[in-house]
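Quick look at work_35.cif (mmCIF, C-alpha atoms):
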data_target
#
loop_
_atom_site.group_PDB
_atom_site.id
_atom_site.type_symbol
_atom_site.label_atom_id
_atom_site.label_comp_id
_atom_site.auth_asym_id
_atom_site.auth_seq_id
_atom_site.Cartn_x
_atom_site.Cartn_y
_atom_site.Cartn_z
ATOM 1 C CA MET V 263 -22.329 7.869 6.339
ATOM 2 C CA ASN V 264 -20.708 11.057 5.041
ATOM 3 C CA ILE V 265 -17.055 10.035 4.810
ATOM 4 C CA LYS V 266 -15.972 13.675 4.500
ATOM 5 C CA LEU V 267 -17.540 14.526 7.870
ATOM 6 C CA LEU V 268 -16.002 11.458 9.479
ATOM 7 C CA LEU V 269 -12.481 12.106 8.198
ATOM 8 C CA ASN V 270 -12.600 15.766 9.261
ATOM 9 C CA SER V 271 -13.461 14.759 12.833
ATOM 10 C CA GLU V 272 -11.138 13.967 15.724
ATOM 11 C CA SER V 273 -9.468 10.588 15.475
ATOM 12 C CA LYS V 274 -10.656 7.913 17.895
ATOM 13 C CA TYR V 275 -8.151 5.342 16.650
ATOM 14 C CA LYS V 276 -4.353 5.391 16.709
ATOM 15 C CA ASN V 277 -3.240 1.846 15.918
ATOM 16 C CA LEU V 278 -2.305 0.116 12.693
ATOM 17 C CA GLY V 279 -5.207 -2.046 11.539
ATOM 18 C CA ASP V 280 -7.915 -0.172 13.449
ATOM 19 C CA VAL V 281 -11.199 -0.073 11.513
ATOM 20 C CA ILE V 282 -12.414 3.514 11.169
ATOM 21 C CA TYR V 283 -15.673 2.711 9.398
ATOM 22 C CA SER V 284 -17.359 -0.213 7.662
ATOM 23 C CA GLU V 285 -20.256 -0.490 5.206
ATOM 24 C CA ASN V 286 -21.435 -4.077 4.909
ATOM 25 C CA ILE V 287 -24.207 -3.235 2.421
ATOM 26 C CA ASN V 288 -25.344 -6.738 1.526
ATOM 27 C CA VAL V 289 -22.722 -9.265 2.563
ATOM 28 C CA ASN V 290 -23.808 -12.359 0.693
ATOM 29 C CA LYS V 291 -21.642 -15.378 1.405
ATOM 30 C CA PHE V 292 -23.863 -17.468 -0.844
ATOM 31 C CA VAL V 293 -23.097 -15.777 -4.171
ATOM 32 C CA HIS V 294 -22.068 -18.535 -6.539
ATOM 33 C CA PHE V 295 -18.429 -17.801 -7.252
ATOM 34 C CA ASP V 296 -15.768 -20.488 -7.502
ATOM 35 C CA TYR V 297 -12.391 -18.734 -7.441
ATOM 36 C CA ASN V 298 -10.387 -21.616 -8.905
ATOM 37 C CA GLU V 299 -12.930 -22.262 -11.636
ATOM 38 C CA PHE V 300 -13.059 -18.567 -12.463
ATOM 39 C CA THR V 301 -9.284 -18.035 -12.667
ATOM 40 C CA ASN V 302 -8.840 -21.180 -14.749
ATOM 41 C CA LYS V 303 -11.438 -19.932 -17.232
ATOM 42 C CA HIS V 304 -10.665 -16.206 -17.362
ATOM 43 C CA ILE V 305 -6.908 -16.067 -16.686
ATOM 44 C CA PHE V 306 -4.219 -17.706 -18.804
ATOM 45 C CA HIS V 307 -1.350 -19.038 -16.703
ATOM 46 C CA PHE V 308 2.264 -19.191 -17.876
ATOM 47 C CA GLU V 309 5.711 -19.874 -16.469
ATOM 48 C CA LYS V 310 7.315 -17.762 -13.731
ATOM 49 C CA GLY V 311 3.876 -16.925 -12.310
ATOM 50 C CA LEU V 312 2.963 -14.649 -15.226
ATOM 51 C CA THR V 313 -0.646 -14.422 -16.409
ATOM 52 C CA ILE V 314 -2.821 -12.920 -19.140
ATOM 53 C CA TYR V 315 -6.207 -11.452 -18.203
ATOM 54 C CA GLY V 316 -9.200 -12.555 -20.246
ATOM 55 C CA SER V 317 -11.862 -10.294 -21.744
ATOM 56 C CA LEU V 318 -14.267 -10.330 -18.767
ATOM 57 C CA ILE V 319 -11.645 -8.896 -16.426
ATOM 58 C CA CYS V 320 -10.526 -6.362 -19.035
ATOM 59 C CA ASP V 321 -14.131 -5.242 -19.628
ATOM 60 C CA LEU V 322 -14.597 -4.638 -15.914
ATOM 61 C CA ILE V 323 -11.328 -2.736 -15.524
ATOM 62 C CA ASN V 324 -12.240 -0.560 -18.526
ATOM 63 C CA SER V 325 -15.615 0.126 -16.904
ATOM 64 C CA PHE V 326 -13.943 1.129 -13.645
ATOM 65 C CA ASN V 327 -11.559 3.485 -15.417
ATOM 66 C CA GLU V 328 -14.447 5.035 -17.334
ATOM 67 C CA VAL V 329 -16.037 5.928 -13.989
ATOM 68 C CA PHE V 330 -12.748 7.400 -12.793
ATOM 69 C CA ARG V 331 -12.620 9.569 -15.917
ATOM 70 C CA LYS V 332 -16.189 10.872 -15.778
ATOM 71 C CA LYS V 333 -17.742 10.702 -12.306
ATOM 72 C CA TYR V 334 -17.337 12.406 -8.952
ATOM 73 C CA GLU V 335 -14.140 14.239 -8.053
ATOM 74 C CA PHE V 336 -12.162 11.565 -9.925
ATOM 75 C CA LYS V 337 -12.820 13.478 -13.132
ATOM 76 C CA GLU V 338 -11.034 16.580 -11.816
ATOM 77 C CA PHE V 339 -7.662 14.882 -12.357
ATOM 78 C CA ILE V 340 -5.781 15.275 -15.603
ATOM 79 C CA GLU V 341 -4.698 12.033 -17.255
ATOM 80 C CA MET V 342 -1.041 11.288 -17.906
ATOM 81 C CA ALA V 343 0.981 8.174 -18.723
ATOM 82 C CA PHE V 344 4.132 7.432 -16.725
ATOM 83 C CA PRO V 345 6.955 5.115 -17.818
ATOM 84 C CA ARG V 346 7.101 1.779 -16.051
ATOM 85 C CA LEU V 347 10.882 1.960 -15.877
ATOM 86 C CA LEU V 348 12.628 3.836 -13.086
ATOM 87 C CA THR V 349 16.197 5.016 -13.076
ATOM 88 C CA ASN V 350 18.300 4.140 -10.071
ATOM 89 C CA LYS V 351 18.279 7.818 -9.090
ATOM 90 C CA ILE V 352 14.492 8.028 -9.001
ATOM 91 C CA ALA V 353 14.217 4.772 -7.053
ATOM 92 C CA ASN V 354 16.710 6.108 -4.510
ATOM 93 C CA CYS V 355 14.838 9.406 -4.156
ATOM 94 C CA PHE V 356 11.635 7.464 -3.513
ATOM 95 C CA ASP V 357 13.337 5.335 -0.805
ATOM 96 C CA LEU V 358 12.569 2.141 -2.712
ATOM 97 C CA ASP V 359 16.170 0.985 -2.518
ATOM 98 C CA THR V 360 16.260 1.093 1.290
ATOM 99 C CA LEU V 361 12.634 0.411 2.288
ATOM 100 C CA TRP V 362 11.559 -2.176 -0.293
ATOM 101 C CA PRO V 363 14.579 -3.708 -2.064
ATOM 102 C CA TYR V 364 13.363 -7.315 -2.048
ATOM 103 C CA TYR V 365 10.203 -6.521 -4.003
ATOM 104 C CA LEU V 366 11.983 -4.711 -6.831
ATOM 105 C CA LEU V 367 12.673 -6.233 -10.221
ATOM 106 C CA SER V 368 15.518 -5.115 -12.421
ATOM 107 C CA ALA V 369 14.831 -4.534 -16.087
ATOM 108 C CA ASN V 370 18.208 -6.033 -16.960
ATOM 109 C CA ALA V 371 18.863 -8.728 -14.357
ATOM 110 C CA LYS V 372 18.776 -12.291 -15.671
ATOM 111 C CA ASN V 373 17.715 -14.120 -12.501
ATOM 112 C CA PRO V 374 16.343 -11.813 -9.797
ATOM 113 C CA SER V 375 15.808 -13.583 -6.504
ATOM 114 C CA LYS V 376 13.233 -12.908 -3.806
ATOM 115 C CA TYR V 377 16.085 -12.989 -1.316
ATOM 116 C CA ASP V 378 18.680 -10.895 -3.131
ATOM 117 C CA PRO V 379 18.012 -7.173 -3.589
ATOM 118 C CA ILE V 380 18.599 -6.204 -7.198
ATOM 119 C CA ILE V 381 19.380 -2.541 -6.525
ATOM 120 C CA ALA V 382 23.072 -2.152 -7.260
ATOM 121 C CA LYS V 383 25.300 0.285 -9.059
ATOM 122 C CA ASP V 384 25.244 -1.772 -12.230
ATOM 123 C CA GLN V 385 21.417 -1.860 -12.405
ATOM 124 C CA GLU V 386 20.447 1.082 -14.579
ATOM 125 C CA LEU V 387 16.696 0.499 -14.856
ATOM 126 C CA ILE V 388 14.147 -0.893 -12.404
ATOM 127 C CA LEU V 389 10.584 -2.011 -13.141
ATOM 128 C CA ASP V 390 8.208 0.369 -11.369
ATOM 129 C CA PRO V 391 6.350 -1.211 -8.408
ATOM 130 C CA VAL V 392 4.441 1.873 -7.171
ATOM 131 C CA GLN V 393 3.420 3.932 -10.227
ATOM 132 C CA CYS V 394 3.964 7.497 -8.984
ATOM 133 C CA PRO V 395 7.730 8.324 -8.697
ATOM 134 C CA TRP V 396 7.748 9.982 -12.143
ATOM 135 C CA PHE V 397 5.143 12.448 -10.859
ATOM 136 C CA TYR V 398 7.764 13.867 -8.508
ATOM 137 C CA ARG V 399 10.453 13.954 -11.155
ATOM 138 C CA LEU V 400 8.012 15.838 -13.400
ATOM 139 C CA ILE V 401 7.391 18.422 -10.690
ATOM 140 C CA ALA V 402 11.121 18.797 -10.027
ATOM 141 C CA GLU V 403 11.783 19.543 -13.701
ATOM 142 C CA ASN V 404 8.817 21.942 -14.082
ATOM 143 C CA ILE V 405 8.361 23.448 -10.625
ATOM 144 C CA ASP V 406 8.053 27.028 -11.868
ATOM 145 C CA ASN V 407 5.476 26.192 -14.537
ATOM 146 C CA ILE V 408 3.079 23.957 -12.600
ATOM 147 C CA LYS V 409 -0.114 25.352 -11.139
ATOM 148 C CA PHE V 410 -0.903 23.835 -7.744
ATOM 149 C CA PRO V 411 -2.775 21.878 -6.637
ATOM 150 C CA PHE V 412 -1.472 19.537 -9.318
ATOM 151 C CA LYS V 413 -3.634 16.410 -9.706
ATOM 152 C CA VAL V 414 -2.823 13.521 -12.045
ATOM 153 C CA ARG V 415 -4.639 10.271 -12.786
ATOM 154 C CA GLU V 416 -2.505 7.485 -14.271
ATOM 155 C CA SER V 417 -3.639 4.094 -15.533
ATOM 156 C CA ILE V 418 -2.653 3.599 -19.168
ATOM 157 C CA GLY V 419 1.086 3.145 -18.540
ATOM 158 C CA GLY V 420 0.516 -0.571 -18.016
ATOM 159 C CA TRP V 421 1.471 -3.145 -15.399
ATOM 160 C CA SER V 422 2.943 -2.562 -11.990
ATOM 161 C CA TYR V 423 5.725 -5.024 -11.130
ATOM 162 C CA ARG V 424 6.579 -6.691 -7.832
ATOM 163 C CA ASN V 425 9.016 -9.488 -7.071
ATOM 164 C CA GLU V 426 6.528 -11.796 -5.367
ATOM 165 C CA SER V 427 7.554 -15.389 -4.757
ATOM 166 C CA ILE V 428 5.828 -17.762 -7.164
ATOM 167 C CA GLN V 429 4.592 -19.837 -4.213
ATOM 168 C CA SER V 430 2.585 -16.893 -2.830
ATOM 169 C CA ILE V 431 0.880 -15.920 -6.087
ATOM 170 C CA GLU V 432 -2.924 -15.919 -6.228
ATOM 171 C CA PRO V 433 -4.202 -14.457 -9.521
ATOM 172 C CA LEU V 434 -5.847 -11.041 -9.070
ATOM 173 C CA LEU V 435 -5.017 -11.145 -5.354
ATOM 174 C CA LYS V 436 -1.210 -11.251 -5.405
ATOM 175 C CA ASP V 437 0.671 -11.168 -8.697
ATOM 176 C CA ILE V 438 4.073 -10.306 -10.097
ATOM 177 C CA THR V 439 2.250 -8.023 -12.554
ATOM 178 C CA PHE V 440 -1.056 -6.324 -11.827
ATOM 179 C CA LEU V 441 -3.152 -3.338 -12.939
ATOM 180 C CA ARG V 442 -4.255 -0.306 -10.992
ATOM 181 C CA THR V 443 -5.227 3.322 -11.320
ATOM 182 C CA GLU V 444 -3.122 5.841 -9.442
ATOM 183 C CA PHE V 445 -4.231 9.310 -8.353
ATOM 184 C CA VAL V 446 -1.297 11.444 -7.236
ATOM 185 C CA PHE V 447 -1.497 15.066 -6.147
ATOM 186 C CA ALA V 448 0.544 17.931 -4.721
ATOM 187 C CA GLY V 449 -0.212 21.363 -3.272
ATOM 188 C CA ASP V 450 -0.416 23.063 0.100
ATOM 189 C CA LYS V 451 -1.340 21.142 3.244
ATOM 190 C CA ILE V 452 -5.054 21.991 3.167
ATOM 191 C CA ASP V 453 -5.419 21.136 -0.516
ATOM 192 C CA VAL V 454 -3.643 17.782 -0.187
ATOM 193 C CA LYS V 455 -5.685 16.719 2.843
ATOM 194 C CA ASN V 456 -8.966 17.724 1.209
ATOM 195 C CA ILE V 457 -8.125 15.991 -2.062
ATOM 196 C CA ARG V 458 -7.409 12.740 -0.239
ATOM 197 C CA ILE V 459 -10.689 12.985 1.696
ATOM 198 C CA ASP V 460 -12.603 13.642 -1.545
ATOM 199 C CA LEU V 461 -11.059 10.570 -3.183
ATOM 200 C CA LEU V 462 -11.809 8.350 -0.199
ATOM 201 C CA ASN V 463 -15.392 9.605 -0.156
ATOM 202 C CA ASP V 464 -15.845 9.056 -3.896
ATOM 203 C CA MET V 465 -14.404 5.555 -3.753
ATOM 204 C CA CYS V 466 -16.806 4.647 -0.951
ATOM 205 C CA ILE V 467 -19.724 5.952 -3.050
ATOM 206 C CA PHE V 468 -18.484 3.853 -5.970
ATOM 207 C CA LEU V 469 -18.120 0.673 -3.909
ATOM 208 C CA TYR V 470 -21.592 1.152 -2.441
ATOM 209 C CA ALA V 471 -23.037 1.518 -5.946
ATOM 210 C CA LEU V 472 -21.272 -1.691 -6.989
ATOM 211 C CA ASN V 473 -22.674 -3.600 -4.001
ATOM 212 C CA ILE V 474 -19.213 -4.316 -2.602
ATOM 213 C CA PRO V 475 -18.879 -4.307 1.209
ATOM 214 C CA TYR V 476 -15.987 -2.101 2.293
ATOM 215 C CA ARG V 477 -14.278 -0.661 5.338
ATOM 216 C CA LEU V 478 -11.730 2.074 6.086
ATOM 217 C CA VAL V 479 -8.661 0.885 7.983
ATOM 218 C CA ILE V 480 -5.537 2.572 9.327
ATOM 219 C CA GLY V 481 -2.803 1.196 7.074
ATOM 220 C CA ASN V 482 0.919 1.519 6.440
ATOM 221 C CA GLY V 483 1.076 1.991 2.683
ATOM 222 C CA CYS V 484 2.120 -0.292 -0.133
ATOM 223 C CA TYR V 485 5.653 -0.406 1.263
ATOM 224 C CA ASP V 486 6.867 0.166 4.792
ATOM 225 C CA SER V 487 7.733 3.679 5.866
ATOM 226 C CA ILE V 488 10.631 4.237 8.247
ATOM 227 C CA PRO V 489 9.025 2.751 11.402
ATOM 228 C CA SER V 490 9.942 5.527 13.819
ATOM 229 C CA ILE V 491 8.680 8.288 11.516
ATOM 230 C CA PHE V 492 5.462 6.436 10.693
ATOM 231 C CA THR V 493 4.730 5.658 14.359
ATOM 232 C CA GLU V 494 5.376 9.260 15.348
ATOM 233 C CA ARG V 495 3.076 10.636 12.635
ATOM 234 C CA LEU V 496 0.320 8.165 13.481
ATOM 235 C CA ALA V 497 0.537 8.884 17.222
ATOM 236 C CA SER V 498 0.346 12.652 16.645
ATOM 237 C CA SER V 499 -2.675 12.460 14.315
ATOM 238 C CA LEU V 500 -5.368 14.564 15.970
ATOM 239 C CA TYR V 501 -7.850 14.115 13.125
ATOM 240 C CA TYR V 502 -8.499 11.270 10.727
ATOM 241 C CA SER V 503 -7.254 13.561 7.958
ATOM 242 C CA ASP V 504 -3.808 13.554 9.630
ATOM 243 C CA ILE V 505 -3.428 9.754 9.571
ATOM 244 C CA PRO V 506 -0.554 8.914 7.184
ATOM 245 C CA VAL V 507 -2.270 5.989 5.424
ATOM 246 C CA ILE V 508 -5.930 5.017 5.224
ATOM 247 C CA ASP V 509 -6.703 1.802 3.356
ATOM 248 C CA ILE V 510 -9.988 0.693 1.864
ATOM 249 C CA GLU V 511 -10.574 -3.025 2.271
ATOM 250 C CA VAL V 512 -13.302 -4.971 0.473
ATOM 251 C CA PHE V 513 -14.985 -8.206 1.448
ATOM 252 C CA LEU V 514 -14.497 -11.441 -0.477
ATOM 253 C CA PRO V 515 -17.311 -13.872 0.368
ATOM 254 C CA PHE V 516 -15.531 -16.915 -1.080
ATOM 255 C CA LYS V 517 -12.576 -16.368 1.271
ATOM 256 C CA ASP V 518 -14.660 -14.925 4.107
ATOM 257 C CA GLU V 519 -12.069 -12.185 4.565
ATOM 258 C CA TRP V 520 -11.219 -8.590 3.791
ATOM 259 C CA ILE V 521 -8.482 -7.524 1.372
ATOM 260 C CA GLU V 522 -7.001 -4.112 0.625
ATOM 261 C CA VAL V 523 -8.135 -2.681 -2.699
ATOM 262 C CA SER V 524 -7.123 0.947 -2.232
ATOM 263 C CA GLY V 525 -4.548 2.895 -0.248
ATOM 264 C CA ALA V 526 -4.713 6.641 0.435
ATOM 265 C CA SER V 527 -1.444 8.174 1.612
ATOM 266 C CA TYR V 528 -0.779 11.636 3.009
ATOM 267 C CA PHE V 529 2.978 12.146 2.743
ATOM 268 C CA GLY V 530 3.194 15.759 3.903
ATOM 269 C CA PRO V 531 6.410 17.313 2.531
ATOM 270 C CA ASP V 532 8.386 14.049 2.845
ATOM 271 C CA LYS V 533 8.344 12.614 -0.687
ATOM 272 C CA ILE V 534 8.492 15.872 -2.561
ATOM 273 C CA SER V 535 11.425 17.156 -0.492
ATOM 274 C CA HIS V 536 13.554 14.320 -1.918
ATOM 275 C CA PHE V 537 13.044 15.712 -5.406
ATOM 276 C CA VAL V 538 12.578 19.457 -4.903
ATOM 277 C CA ASN V 539 14.826 21.578 -2.704
ATOM 278 C CA ASN V 540 13.587 24.493 -0.611
ATOM 279 C CA LYS V 541 9.924 23.849 -1.427
ATOM 280 C CA SER V 542 8.760 22.627 1.959
ATOM 281 C CA SER V 543 5.393 24.382 1.565
ATOM 282 C CA ILE V 544 4.455 21.823 -1.107
ATOM 283 C CA GLU V 545 3.015 18.578 0.186
ATOM 284 C CA SER V 546 1.781 15.489 -1.625
ATOM 285 C CA GLY V 547 -0.357 12.400 -1.423
ATOM 286 C CA CYS V 548 -1.506 9.484 -3.518
ATOM 287 C CA PHE V 549 -4.545 7.271 -3.871
ATOM 288 C CA GLY V 550 -4.042 3.916 -5.548
ATOM 289 C CA ILE V 551 -6.848 1.601 -6.637
ATOM 290 C CA GLY V 552 -5.970 -1.985 -7.458
ATOM 291 C CA THR V 553 -8.285 -2.501 -10.416
ATOM 292 C CA SER V 554 -7.277 -6.165 -10.738
ATOM 293 C CA ARG V 555 -8.422 -6.821 -7.173
ATOM 294 C CA LEU V 556 -11.457 -4.599 -7.620
ATOM 295 C CA ALA V 557 -12.581 -6.747 -10.561
ATOM 296 C CA LEU V 558 -12.293 -9.856 -8.396
ATOM 297 C CA ALA V 559 -14.180 -8.222 -5.497
ATOM 298 C CA PHE V 560 -16.948 -7.111 -7.832
ATOM 299 C CA LEU V 561 -17.467 -10.582 -9.311
ATOM 300 C CA ALA V 562 -17.170 -12.316 -5.940
ATOM 301 C CA ASN V 563 -19.992 -10.150 -4.576
ATOM 302 C CA ASN V 564 -22.206 -9.993 -7.675
ATOM 303 C CA GLY V 565 -21.605 -13.248 -9.533
ATOM 304 C CA LEU V 566 -20.728 -13.856 -13.182
ATOM 305 C CA ASN V 567 -24.138 -13.304 -14.749
ATOM 306 C CA LYS V 568 -23.914 -9.914 -16.472
ATOM 307 C CA GLU V 569 -27.697 -9.576 -16.492
ATOM 308 C CA ASN V 570 -27.607 -9.355 -12.703
ATOM 309 C CA TRP V 571 -25.058 -6.562 -12.473
ATOM 310 C CA ILE V 572 -24.670 -4.647 -15.713
ATOM 311 C CA ASN V 573 -27.039 -1.884 -14.527
ATOM 312 C CA LEU V 574 -24.770 -1.176 -11.573
ATOM 313 C CA PHE V 575 -22.612 0.839 -13.976
ATOM 314 C CA GLN V 576 -25.528 2.993 -15.168
ATOM 315 C CA TYR V 577 -26.038 5.077 -12.035
ATOM 316 C CA GLU V 578 -25.609 8.841 -11.855
#
Using structure tokens, write down the structure from this file.
Amino acid sequence: MNIKLLLNSESKYKNLGDVIYSENINVNKFVHFDYNEFTNKHIFHFEKGLTIYGSLICDLINSFNEVFRKKYEFKEFIEMAFPRLLTNKIANCFDLDTLWPYYLLSANAKNPSKYDPIIAKDQELILDPVQCPWFYRLIAENIDNIKFPFKVRESIGGWSYRNESIQSIEPLLKDITFLRTEFVFAGDKIDVKNIRIDLLNDMCIFLYALNIPYRLVIGNGCYDSIPSIFTERLASSLYYSDIPVIDIEVFLPFKDEWIEVSGASYFGPDKISHFVNNKSSIESGCFGIGTSRLALAFLANNGLNKENWINLFQYE
């Protein structure tokens, strides 16, 4: 399947959760992979739900990021490192304070609670849960010197932070801290749509090469958009390329279920207009890949014996 051709065609689906396309490759529910045994051996567990990743997971994530640096359209992005601290102003501009307050962690709160939003006037710094707000602040400060389309890949800034309840934590699946690679881009409407399609296509090629079953699903992003605006945009999407959020889900044989590993958002002028005035011709999008989850999906589908899967990273 040519994902580019599919996503440039008229949309047959208009509902959240609809599956646009699936590639089952070689769904093997009999791969020997014991999740509990694996996480106990390769993840070090500490208080407050915090964990340390062992070398096997780190080796895989480094291998993924090497692909993102050198192969396909991924390599067309310049690499930057964003701070993992947000000012209150940036969080407000990104709508995090109103749309996602319960998942935010303050950098200076002593006892943040899942049920008490930490965004307040006395909170000066917030731990970044989404990884791309500084991209918009950068554009706002350098709008006259940036050549568009502007495409940035970011992974070396470190953890993303989310205020998950300790009871819901599953290492590599749902964590307070996790790793990902973020592709964020801005330009005119045509550029932004095409960039997102290229990234979706390249990720599908990558997952196929890694023998990981995947599917494309209409999603709603890593945090909820304003419902009325999201519903209106989704309903008016004539082509797949107009759909606000397209997720990539991967199959986990040991759970017999699909989980999101990547989200591709087309924001239009919405996000950038909060940072840059009178620049409505500039649009933006992002493409996040949860490399922690990707490592788990890879091992769950290929097993732990490196001899059986090391050559999967040698393709051209």
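For Ser417 of chain V, the non-local neighbours within 7 Å, defined as residues at least 5 positions apart in the same chain or in other chains and counting all atoms listed in the file, are Ala343, Arg442, Thr443 and Glu444 of chain V.
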Spatial sel., origin (4.9, 9.7, -1.0), limit 7 Å, all atoms listed in the file, listed as a PyMOL selection string: chain V and resi 529+532-533+546-548
Distance query Ile534 of chain V at most 8 Å, all atoms listed in the file, self and fewer than 6 positions along chain excluded, as a list in words: Tyr398, Ile544, Glu545 and Ser546 of chain V
Pairwise distance for atom CA of Ile282 of chain V and atom CA of Ile510 of chain V, rounded to one decimal in Å: 10.0 Å
Protein/DNA/RNA residues near (2.4, 11.9, 2.5), cut 12 Å, all atoms listed in the file, as a PyMOL selection string: chain V and resi 356+446-451+454-455+458+482-483+487+491-492+495-496+503-508+525-535+544-549
Can you check which parts of segment 422-483 of chain V lie within 12 Å of segment 557-567 of chain V? Per residue, the shortest pair of atoms and distance in Å to one decimal, counting all atoms listed in the file, sorted by chain and number, as JSON lines.
{"residue": "V:Glu432", "atom": "CA", "partner": "V:Leu558", "partner_atom": "CA", "distance": 11.4}
{"residue": "V:Pro433", "atom": "CA", "partner": "V:Leu558", "partner_atom": "CA", "distance": 9.4}
{"residue": "V:Leu434", "atom": "CA", "partner": "V:Leu558", "partner_atom": "CA", "distance": 6.6}
{"residue": "V:Leu435", "atom": "CA", "partner": "V:Leu558", "partner_atom": "CA", "distance": 8.0}
{"residue": "V:Lys436", "atom": "CA", "partner": "V:Leu558", "partner_atom": "CA", "distance": 11.6}
{"residue": "V:Phe440", "atom": "CA", "partner": "V:Ala557", "partner_atom": "CA", "distance": 11.6}
{"residue": "V:Leu441", "atom": "CA", "partner": "V:Ala557", "partner_atom": "CA", "distance": 10.3}
{"residue": "V:Arg442", "atom": "CA", "partner": "V:Ala557", "partner_atom": "CA", "distance": 10.5}
{"residue": "V:Phe468", "atom": "CA", "partner": "V:Phe560", "partner_atom": "CA", "distance": 11.2}
{"residue": "V:Leu469", "atom": "CA", "partner": "V:Phe560", "partner_atom": "CA", "distance": 8.8}
{"residue": "V:Tyr470", "atom": "CA", "partner": "V:Phe560", "partner_atom": "CA", "distance": 10.9}
{"residue": "V:Ala471", "atom": "CA", "partner": "V:Phe560", "partner_atom": "CA", "distance": 10.7}
{"residue": "V:Leu472", "atom": "CA", "partner": "V:Phe560", "partner_atom": "CA", "distance": 7.0}
{"residue": "V:Asn473", "atom": "CA", "partner": "V:Asn563", "partner_atom": "CA", "distance": 7.1}
{"residue": "V:Ile474", "atom": "CA", "partner": "V:Asn563", "partner_atom": "CA", "distance": 6.2}
{"residue": "V:Pro475", "atom": "CA", "partner": "V:Asn563", "partner_atom": "CA", "distance": 8.3}
{"residue": "V:Tyr476", "atom": "CA", "partner": "V:Ala559", "partner_atom": "CA", "distance": 10.1}
Two-atom distance - atom CA of Gly311 of chain V, atom CA of Tyr423 of chain V (Å):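 For atom CA of Gly311 of chain V relative to atom CA of Tyr423 of chain V, the distance reads 12.1 Å.
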Selected residue of minimal separation from Trp396 of chain V among V:Trp362, V:Phe344, V:Phe410, V:Trp520, counting all atoms listed in the file: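 Nearest to Trp396 of chain V: V:Phe344.
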